[in-house]
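Below: the structure, in structure tokens.
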Amino acid sequence: MPRKAAVPTVSNGSYLQGQANGRLSSMDSGQPALEGKVVLKKKVTLLRGISIIIGTIIGAGIFISPKGILKNTGSVGMSLTVWTVCGILSLFGALCYAELGTCIKKSGGHYTYILEAFGPLPAFVRVWVELLIIRPAATAVISLAFGRYILEPFFMQCEIPELAIKLITAVGITLVMVLNSTSVSWSARIQMFLTFCKLVAILIIIVPGVIQLIKGETQHFKNAFAGNDASVMGLPLAFYSGMYAYSGWFYLNFVTEEVENPEKNIPLAICISMIIVTVGYVLTNVAYFTTISAGELLLSKAVAVTFAERLMGNFSLAVPVFVALSCFGSMNGGIFAVSRMFFVASREGHLPEILSMIHVRKHTPLPAVIVLHPLTMIMLFNGDLYSLLNFLSFARWLFIGLVVAGLIYLRYKRPDMPRPFKVPLFIPALFSFTCLFMVALSLYSDPVNTGIGFAITLTGIPAYYLFIVWDNKPKWFRKLLGK
């Protein structure tokens, strides 16, 4: 299918088109920028890259409810094993994305890699589902956790009103959108600060846990693998929960064009981040079990708060604040990264042209950021968020599995492609099999919700032919699409 003409244009003096037609020459190509052209600047250093990955992976889950894995494994020892194995599997996936990020130096993450390997139709379906459902719903869910925990210290003796939570959540979402629209540097600096807060919060749990171990508080680790045997269905579901807790390692690949020295910094940032997160997650769970039994953990609504109340007294009031900051960091990192997917998809002609505009002075993809605001607000106040995420959680792993399978395909389709960083073939093979196995499992274990999600995803196919392939659109329809 022919793409639109590759001519950089000025729009109203306020924005410049990011670069036409998506076939943006690599920003590492050494070619001089055309006079008057505005591009996203390389402001993501190694440290900022690490903060994007860690700050987006670590959300509210590790502090609130790591009981999904324990419930499906049936024992303390098996749950810690699953946390460790999921960290290693996530590292494998991250290494695959590191190879893709160093040989395909374009932003956009999943979308770009599917486009390169399998063509425009599956790539469009991916960005279609992300824009309409997945990202607004995911942002609204993590934002609601932010709203609830930022208000927690003010409502210690009573239930927090739902309207208050949603109003504070709306303020938080708007603040993140404004921040990402205003300055890449400031959003990156704040992400670094929030990542530091997350790591401090984890240390606040790990250090007392280590002290408890030194004191001999190991009663909950005796016969660690004894308990309810994990069922054939339970163990894969535990892995599903664990992989979800680690998800976010792919976000640096969404901003590849803005990373300094991507051949070196993308693999380094990914490896350092995944080691820190995996060690932090496993030690945090070990710390919980020094003080809380498996039965108590399953009954707790917020494990970190229960842990802090037992060991830290009044200092436990600080835990909800740290959880809220952690959620805000995940919101910021997610918006920062995913807006680049929409920017690149617009550049390729798969989304309205205005989303590929860059602000002349601020050098931010402002339209691609703010397009999420009304959609997220609709989800926040009207949507059944958790049902939507259940419908579409399988879609995330389906497309990630497809991306990693695409890496294997590109090895044979384009063997001469420069690969500054290359992983052994068994790593993408194992990881893509794991992702596709989880997708098949979800179809078997929850056919109704997964079937609805599958149907929602398939709506991207007629949308592709209506919006992209159909050439003889009415004039008003073209104006609506910004063409």
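Letters for chains follow the order of the structure tokens (A, B, ...), residue numbers begin at 1 for each chain, and ligand numbers begin at 1 in the order shown.
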Near A:Tyr288, counting only C-alpha atoms, which residues have an atom at most 9 Å away, once you skip same-chain residues fewer than 6 positions from it, shown as a list of chain:residue names?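 Once the nearby chain positions are removed, what remains is A:Ile205, A:Ile206, A:Gly209, A:Leu297, A:Val303, A:Ala304, A:Phe307.
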Env of A:Ser143: 8 Å cut, atoms = only C-alpha atoms, seq-sep filter 2 positions within chain, self excluded. Answer as a list in words.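 Selected residues are Thr139, Ala140, Val141, Ala145, Phe146, Gly147, Thr169, Gly172, Ile173, Cys327, Phe328 and Met331 of chain A.
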Taking all heavy atoms for each residue, export the selection above as a PDB file, in the first residue's frame.
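Result written to result_33.pdb:
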```pdb
ATOM      1  N   THR A 139      -4.096   3.254  32.105  1.00  0.00           N
ATOM      2  CA  THR A 139      -3.762   4.519  32.774  1.00  0.00           C
ATOM      3  C   THR A 139      -4.787   4.850  33.849  1.00  0.00           C
ATOM      4  O   THR A 139      -4.436   5.287  34.954  1.00  0.00           O
ATOM      5  CB  THR A 139      -3.690   5.672  31.746  1.00  0.00           C
ATOM      6  OG1 THR A 139      -2.727   5.342  30.746  1.00  0.00           O
ATOM      7  CG2 THR A 139      -3.296   6.978  32.409  1.00  0.00           C
ATOM      8  N   ALA A 140      -6.077   4.629  33.543  1.00  0.00           N
ATOM      9  CA  ALA A 140      -7.120   4.919  34.527  1.00  0.00           C
ATOM     10  C   ALA A 140      -6.987   4.021  35.754  1.00  0.00           C
ATOM     11  O   ALA A 140      -7.165   4.474  36.897  1.00  0.00           O
ATOM     12  CB  ALA A 140      -8.494   4.752  33.887  1.00  0.00           C
ATOM     13  N   VAL A 141      -6.645   2.748  35.567  1.00  0.00           N
ATOM     14  CA  VAL A 141      -6.529   1.814  36.697  1.00  0.00           C
ATOM     15  C   VAL A 141      -5.377   2.214  37.622  1.00  0.00           C
ATOM     16  O   VAL A 141      -5.546   2.312  38.838  1.00  0.00           O
ATOM     17  CB  VAL A 141      -6.346   0.370  36.179  1.00  0.00           C
ATOM     18  CG1 VAL A 141      -5.907  -0.548  37.307  1.00  0.00           C
ATOM     19  CG2 VAL A 141      -7.650  -0.141  35.581  1.00  0.00           C
ATOM     20  N   ALA A 145      -5.419   3.878  41.629  1.00  0.00           N
ATOM     21  CA  ALA A 145      -4.595   3.470  42.773  1.00  0.00           C
ATOM     22  C   ALA A 145      -3.856   4.674  43.350  1.00  0.00           C
ATOM     23  O   ALA A 145      -3.763   4.833  44.574  1.00  0.00           O
ATOM     24  CB  ALA A 145      -3.597   2.390  42.348  1.00  0.00           C
ATOM     25  N   PHE A 146      -3.357   5.552  42.464  1.00  0.00           N
ATOM     26  CA  PHE A 146      -2.720   6.794  42.929  1.00  0.00           C
ATOM     27  C   PHE A 146      -3.694   7.634  43.755  1.00  0.00           C
ATOM     28  O   PHE A 146      -3.378   8.089  44.852  1.00  0.00           O
ATOM     29  CB  PHE A 146      -2.225   7.601  41.720  1.00  0.00           C
ATOM     30  CG  PHE A 146      -1.948   9.044  42.016  1.00  0.00           C
ATOM     31  CD1 PHE A 146      -0.779   9.425  42.665  1.00  0.00           C
ATOM     32  CD2 PHE A 146      -2.861  10.040  41.657  1.00  0.00           C
ATOM     33  CE1 PHE A 146      -0.524  10.766  42.950  1.00  0.00           C
ATOM     34  CE2 PHE A 146      -2.616  11.375  41.929  1.00  0.00           C
ATOM     35  CZ  PHE A 146      -1.453  11.738  42.577  1.00  0.00           C
ATOM     36  N   GLY A 147      -4.911   7.840  43.219  1.00  0.00           N
ATOM     37  CA  GLY A 147      -5.906   8.653  43.921  1.00  0.00           C
ATOM     38  C   GLY A 147      -6.277   8.080  45.273  1.00  0.00           C
ATOM     39  O   GLY A 147      -6.389   8.809  46.270  1.00  0.00           O
ATOM     40  N   THR A 169      -7.878  11.555  41.133  1.00  0.00           N
ATOM     41  CA  THR A 169      -7.302  10.799  40.019  1.00  0.00           C
ATOM     42  C   THR A 169      -7.288  11.634  38.746  1.00  0.00           C
ATOM     43  O   THR A 169      -6.291  11.657  38.008  1.00  0.00           O
ATOM     44  CB  THR A 169      -8.110   9.513  39.791  1.00  0.00           C
ATOM     45  OG1 THR A 169      -8.052   8.709  40.968  1.00  0.00           O
ATOM     46  CG2 THR A 169      -7.572   8.727  38.616  1.00  0.00           C
ATOM     47  N   GLY A 172      -4.521  14.057  38.887  1.00  0.00           N
ATOM     48  CA  GLY A 172      -3.240  13.390  38.665  1.00  0.00           C
ATOM     49  C   GLY A 172      -2.997  13.098  37.194  1.00  0.00           C
ATOM     50  O   GLY A 172      -1.897  13.322  36.660  1.00  0.00           O
ATOM     51  N   ILE A 173      -4.034  12.597  36.495  1.00  0.00           N
ATOM     52  CA  ILE A 173      -3.909  12.303  35.061  1.00  0.00           C
ATOM     53  C   ILE A 173      -3.598  13.577  34.281  1.00  0.00           C
ATOM     54  O   ILE A 173      -2.704  13.602  33.425  1.00  0.00           O
ATOM     55  CB  ILE A 173      -5.207  11.656  34.531  1.00  0.00           C
ATOM     56  CG1 ILE A 173      -5.387  10.262  35.134  1.00  0.00           C
ATOM     57  CG2 ILE A 173      -5.195  11.579  33.005  1.00  0.00           C
ATOM     58  CD1 ILE A 173      -6.751   9.657  34.873  1.00  0.00           C
ATOM     59  N   CYS A 327       2.738   4.852  41.973  1.00  0.00           N
ATOM     60  CA  CYS A 327       1.711   4.857  40.921  1.00  0.00           C
ATOM     61  C   CYS A 327       1.888   6.041  39.981  1.00  0.00           C
ATOM     62  O   CYS A 327       1.734   5.906  38.752  1.00  0.00           O
ATOM     63  CB  CYS A 327       0.318   4.903  41.550  1.00  0.00           C
ATOM     64  SG  CYS A 327      -0.108   3.432  42.492  1.00  0.00           S
ATOM     65  N   PHE A 328       2.214   7.209  40.531  1.00  0.00           N
ATOM     66  CA  PHE A 328       2.409   8.397  39.703  1.00  0.00           C
ATOM     67  C   PHE A 328       3.578   8.182  38.737  1.00  0.00           C
ATOM     68  O   PHE A 328       3.523   8.589  37.569  1.00  0.00           O
ATOM     69  CB  PHE A 328       2.659   9.626  40.579  1.00  0.00           C
ATOM     70  CG  PHE A 328       2.568  10.927  39.841  1.00  0.00           C
ATOM     71  CD1 PHE A 328       1.347  11.548  39.642  1.00  0.00           C
ATOM     72  CD2 PHE A 328       3.701  11.534  39.322  1.00  0.00           C
ATOM     73  CE1 PHE A 328       1.247  12.750  38.950  1.00  0.00           C
ATOM     74  CE2 PHE A 328       3.627  12.731  38.633  1.00  0.00           C
ATOM     75  CZ  PHE A 328       2.393  13.342  38.451  1.00  0.00           C
ATOM     76  N   MET A 331       2.355   6.050  35.920  1.00  0.00           N
ATOM     77  CA  MET A 331       1.542   6.868  35.009  1.00  0.00           C
ATOM     78  C   MET A 331       2.434   7.689  34.089  1.00  0.00           C
ATOM     79  O   MET A 331       2.250   7.716  32.867  1.00  0.00           O
ATOM     80  CB  MET A 331       0.640   7.813  35.818  1.00  0.00           C
ATOM     81  CG  MET A 331      -0.442   7.143  36.624  1.00  0.00           C
ATOM     82  SD  MET A 331      -0.989   8.171  38.022  1.00  0.00           S
ATOM     83  CE  MET A 331      -1.537   9.663  37.195  1.00  0.00           C
TER      84      MET A 331
END
```
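Proximity ranking of A:Ile168, A:Leu298, A:Ile104, A:Leu407 relative to A:Ile69 places A:Leu298 first, based on only C-alpha atoms.
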Any chance you could tabulate, as a tab-separated table, the residues of stretch 404-470 of chain A at most 8 Å from stretch 80-102 of chain A with each one's nearest atom pair and distance in Å to one decimal, using only C-alpha atoms, in chain and rising number order?
```
residue	atom	partner	partner_atom	distance
A:Val404	CA	A:Cys96	CA	6.5
A:Leu407	CA	A:Leu100	CA	7.0
A:Arg419	CA	A:Thr102	CA	6.6
A:Pro420	CA	A:Thr102	CA	6.2
A:Phe421	CA	A:Glu99	CA	5.2
A:Lys422	CA	A:Glu99	CA	5.5
A:Val423	CA	A:Cys96	CA	6.7
A:Ile427	CA	A:Phe92	CA	5.9
A:Pro428	CA	A:Cys96	CA	6.1
A:Phe431	CA	A:Gly93	CA	6.0
```
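The two atoms in question, atom CA of A:Lys105 and atom CA of A:Phe336, are spaced 17.9 Å apart.
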If you count only C-alpha atoms, which residues fall within 12 Å of A:Leu441, apart from same-chain ones fewer than 3 positions away, as a VMD selection string? chain A and resid 232 to 240 394 397 to 398 433 to 438 444 to 447 450
Using only C-alpha atoms, which of A:Met341, A:Ala368, A:Leu375, A:Ile468 sits nearest A:Lys106? A:Met341
Would you mind writing down, as a ChimeraX atom specification, each residue of stretch 242-377 of chain A that DSSP on the backbone assigns to helix (DSSP H, G or I)? /A:242-246,251-258,262-291,294-299,303-347,353-356,366-370,372-377
Writing out the chosen residues with C-alpha atoms as a short mmCIF file (atom, residue, chain, number, x, y, z; two decimals), in the first residue's frame:
```cif
data_model
loop_
_atom_site.label_atom_id
_atom_site.label_comp_id
_atom_site.auth_asym_id
_atom_site.auth_seq_id
_atom_site.Cartn_x
_atom_site.Cartn_y
_atom_site.Cartn_z
CA GLY A 242 4.05 -12.69 37.78
CA MET A 243 4.69 -11.68 34.19
CA TYR A 244 2.10 -8.92 34.57
CA ALA A 245 3.92 -7.62 37.66
CA TYR A 246 7.17 -7.39 35.66
CA TYR A 251 8.91 0.92 27.40
CA LEU A 252 12.41 2.21 26.59
CA ASN A 253 11.97 0.78 23.06
CA PHE A 254 9.06 3.18 22.55
CA VAL A 255 11.49 6.14 22.68
CA THR A 256 14.49 4.66 20.81
CA GLU A 257 15.00 7.79 18.67
CA GLU A 258 15.42 9.89 21.82
CA PRO A 262 21.12 3.46 21.68
CA GLU A 263 23.46 0.60 20.66
CA LYS A 264 25.09 0.80 24.08
CA ASN A 265 22.48 2.38 26.36
CA ILE A 266 19.39 0.31 25.46
CA PRO A 267 20.93 -3.11 26.34
CA LEU A 268 22.67 -1.66 29.41
CA ALA A 269 19.54 0.07 30.72
CA ILE A 270 17.43 -3.05 30.18
CA CYS A 271 19.89 -5.44 31.89
CA ILE A 272 20.56 -3.15 34.87
CA SER A 273 16.84 -2.42 35.35
CA MET A 274 15.71 -6.04 35.18
CA ILE A 275 18.36 -7.21 37.65
CA ILE A 276 17.39 -4.46 40.12
CA VAL A 277 13.65 -5.15 39.77
CA THR A 278 13.97 -8.95 40.02
CA VAL A 279 16.21 -8.83 43.10
CA GLY A 280 13.97 -6.15 44.66
CA TYR A 281 10.75 -8.12 44.02
CA VAL A 282 12.10 -11.40 45.40
CA LEU A 283 13.64 -9.79 48.52
CA THR A 284 10.45 -7.78 49.15
CA ASN A 285 8.41 -10.99 49.15
CA VAL A 286 10.96 -12.66 51.43
CA ALA A 287 10.64 -9.67 53.79
CA TYR A 288 6.84 -9.99 53.86
CA PHE A 289 7.09 -13.65 54.90
CA THR A 290 9.42 -12.84 57.82
CA THR A 291 6.50 -11.08 59.51
CA ALA A 294 0.88 -17.11 54.03
CA GLY A 295 -2.69 -17.16 55.38
CA GLU A 296 -2.44 -13.57 56.65
CA LEU A 297 -0.97 -12.38 53.35
CA LEU A 298 -3.93 -13.85 51.45
CA LEU A 299 -6.35 -11.96 53.74
CA VAL A 303 0.43 -6.25 52.26
CA ALA A 304 2.98 -3.43 52.58
CA VAL A 305 0.69 -1.51 54.94
CA THR A 306 0.11 -4.60 57.10
CA PHE A 307 3.87 -5.26 57.19
CA ALA A 308 4.67 -1.64 58.10
CA GLU A 309 2.02 -1.50 60.85
CA ARG A 310 3.58 -4.53 62.57
CA LEU A 311 7.20 -3.39 62.42
CA MET A 312 7.24 0.41 62.14
CA GLY A 313 4.36 1.78 64.20
CA ASN A 314 3.40 5.34 63.20
CA PHE A 315 5.92 5.37 60.35
CA SER A 316 3.52 3.05 58.51
CA LEU A 317 1.54 6.20 57.58
CA ALA A 318 4.32 6.96 55.06
CA VAL A 319 3.69 3.72 53.13
CA PRO A 320 0.49 4.91 51.34
CA VAL A 321 2.37 8.05 50.25
CA PHE A 322 5.17 5.95 48.76
CA VAL A 323 2.60 3.74 47.00
CA ALA A 324 0.92 6.86 45.55
CA LEU A 325 4.29 8.18 44.30
CA SER A 326 5.02 4.77 42.82
CA CYS A 327 1.71 4.86 40.92
CA PHE A 328 2.41 8.40 39.70
CA GLY A 329 5.77 7.23 38.34
CA SER A 330 4.08 4.40 36.44
CA MET A 331 1.54 6.87 35.01
CA ASN A 332 4.30 9.25 33.92
CA GLY A 333 6.50 6.56 32.37
CA GLY A 334 3.58 4.94 30.54
CA ILE A 335 2.33 8.20 29.01
CA PHE A 336 5.87 9.29 28.09
CA ALA A 337 6.54 6.02 26.23
CA VAL A 338 3.18 5.14 24.65
CA SER A 339 2.64 8.63 23.21
CA ARG A 340 5.67 7.88 21.00
CA MET A 341 3.88 4.82 19.61
CA PHE A 342 0.99 7.04 18.48
CA PHE A 343 3.48 9.59 17.11
CA VAL A 344 5.22 6.93 14.99
CA ALA A 345 1.92 5.34 13.86
CA SER A 346 0.77 8.77 12.66
CA ARG A 347 4.07 9.24 10.85
CA GLU A 353 -1.72 13.28 10.72
CA ILE A 354 -1.90 15.77 13.59
CA LEU A 355 -0.52 13.13 15.99
CA SER A 356 2.84 13.29 14.19
CA LEU A 366 2.12 17.28 22.21
CA PRO A 367 -0.89 16.04 20.16
CA ALA A 368 0.14 12.39 20.67
CA VAL A 369 0.23 13.01 24.44
CA ILE A 370 -3.02 14.90 24.89
CA LEU A 372 -5.04 10.14 25.60
CA HIS A 373 -6.56 12.65 28.04
CA PRO A 374 -10.23 12.58 26.92
CA LEU A 375 -10.14 8.82 26.33
CA THR A 376 -8.70 8.19 29.80
CA MET A 377 -11.28 10.48 31.42
#
```
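Interatomic distance, atom CA of A:Arg396 to atom CA of A:Ala117: 17.4 Å.
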Using only C-alpha atoms, which of the listed residues (A:Arg126, A:Arg135, A:Lys475, A:Arg189) sits closest to A:Ile461?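 So, comparing all the options, the nearest one is A:Arg126.
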As an exercise, work out the distance from atom CA of A:Tyr113 to atom CA of A:Gly406 in Å and give it to one decimal place. 7.4 Å
What's the 8 Å shell around A:Lys166, counting only C-alpha atoms, without same-chain residues fewer than 6 positions away, as a count of residues only? 4
